[in-house]
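Notes for the one structure printed next.
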Amino acid sequence: MNRTVIRDLAAALQALGEHGERLTPTEATPEQLREIGEDMARVRRLFAEADADAPTTRCRRHPHGPVEPGTEGGCLLCRIRPAARHPRPAEAAPLHEVREFIAQHGEAAATRRYGGPATARALNTPARPHRNRGAHTA
């Protein structure tokens with residue numbers, strides 16, 4: 001049972017019940033019947049969702065997708081996709097550290113340790129000379 005839609009189902013059933021209180025044989029209109037039909041279709045859809053297996057994630061896009069390890073129902077797909085599209089250089093190792101590791105152990109070892117993107121950045125970004133922040137030259 002998927003309990004995440006029970007509140008929506010209850011609200012839809014309540015709205016459907018209100019039609020029964022307002023509907024009379026002498027005053028029924030085609031518009032009222034269409035509205036009742038739409039509400040009945042919504043109740044059926046929500047009932048089918050409630051009767052289905054519970055989702056494995058809290059994700060609306062991937063309710064039965066894989067769960068991210070270390071979370072309580074976090075969607076692994078949603079976490080991976082943005083990370084794959086937008087690498088986060090701020091979380092990467094400092095370039096000078098990766099360069100030093102490459103110099104000592106080689107590019108393949110650096111790729112295994114720091115990952116391909118960090119190794120590629122270290123190899124393709126020119127090294128900047130370190131400056132002393134407090135020193136002024138005259």
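The chains in the structure tokens are called A, B, ... from first to last as shown; in each chain the residues are counted from 1, and the ligands are counted from 1 in the order shown.
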
Please provide the set of residues having any atom within 9 Å of A:Ile102, restricted to only C-alpha atoms, with same-chain residues fewer than 6 positions apart removed, written as a PDB file with C-alpha atoms, in the first residue's frame.
ATOM      1  CA  ALA A 108      46.837   6.693 -13.716  1.00  0.00           C
ATOM      2  CA  ALA A 109      47.312   6.578  -9.930  1.00  0.00           C
ATOM      3  CA  ALA A 110      46.044  10.155  -9.625  1.00  0.00           C
ATOM      4  CA  THR A 111      42.955   9.262 -11.652  1.00  0.00           C
ATOM      5  CA  THR A 119      43.239  14.865 -12.627  1.00  0.00           C
ATOM      6  CA  ALA A 122      45.313  19.522 -12.602  1.00  0.00           C
ATOM      7  CA  LEU A 123      46.967  18.580 -15.900  1.00  0.00           C
TER       8      LEU A 123
END

Inset, instruction - For A:Arg113, work out the shell of residues within 12 Å, counting only C-alpha atoms and skipping chain neighbours fewer than 5 positions away, then give it as a PyMOL selection string. - result: chain A and resi 92-93+97-98+101-102+105-108+118-119

Legend entry - Contact residues around stretch 56-63 of chain A with only C-alpha atoms at 12 Å, ignoring same-chain residues under 6 positions, as a list of chain:residue names: A:Met1, A:Asn2, A:Arg3, A:Thr4, A:Val5, A:Glu49, A:Pro69, A:Thr71, A:Glu72, A:Gly73, A:Gly74, A:Cys75, A:Leu76, A:Leu77, A:Cys78, A:Arg79

Inset, instruction - as an MDAnalysis selection string, please: all residues of chain A that backbone DSSP puts in alpha helix (DSSP H). - result: chainID A and resid 6:22 30:51 76:85 95:105 107:114 116:124

Legend entry - Within 10 Å of A:Ala127 using only C-alpha atoms, minus same-chain residues under 5 positions, as a PyMOL selection string: chain A and resi 95-96+99+122

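The spacing separating atom CA of A:Asp53 from atom CA of A:Ile6 amounts to 13.0 Å.
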
Legend entry - Shell of 9 Å around stretch 36-46 of chain A, only C-alpha atoms, local chain residues under 2 positions omitted, as a PyMOL selection string: chain A and resi 5-6+8-10+12-13+15-16+19+31-34+48-51

Legend entry - Interatomic distance, atom CA of A:Pro55 to atom CA of A:Ala11 (Å, one decimal): 20.8 Å
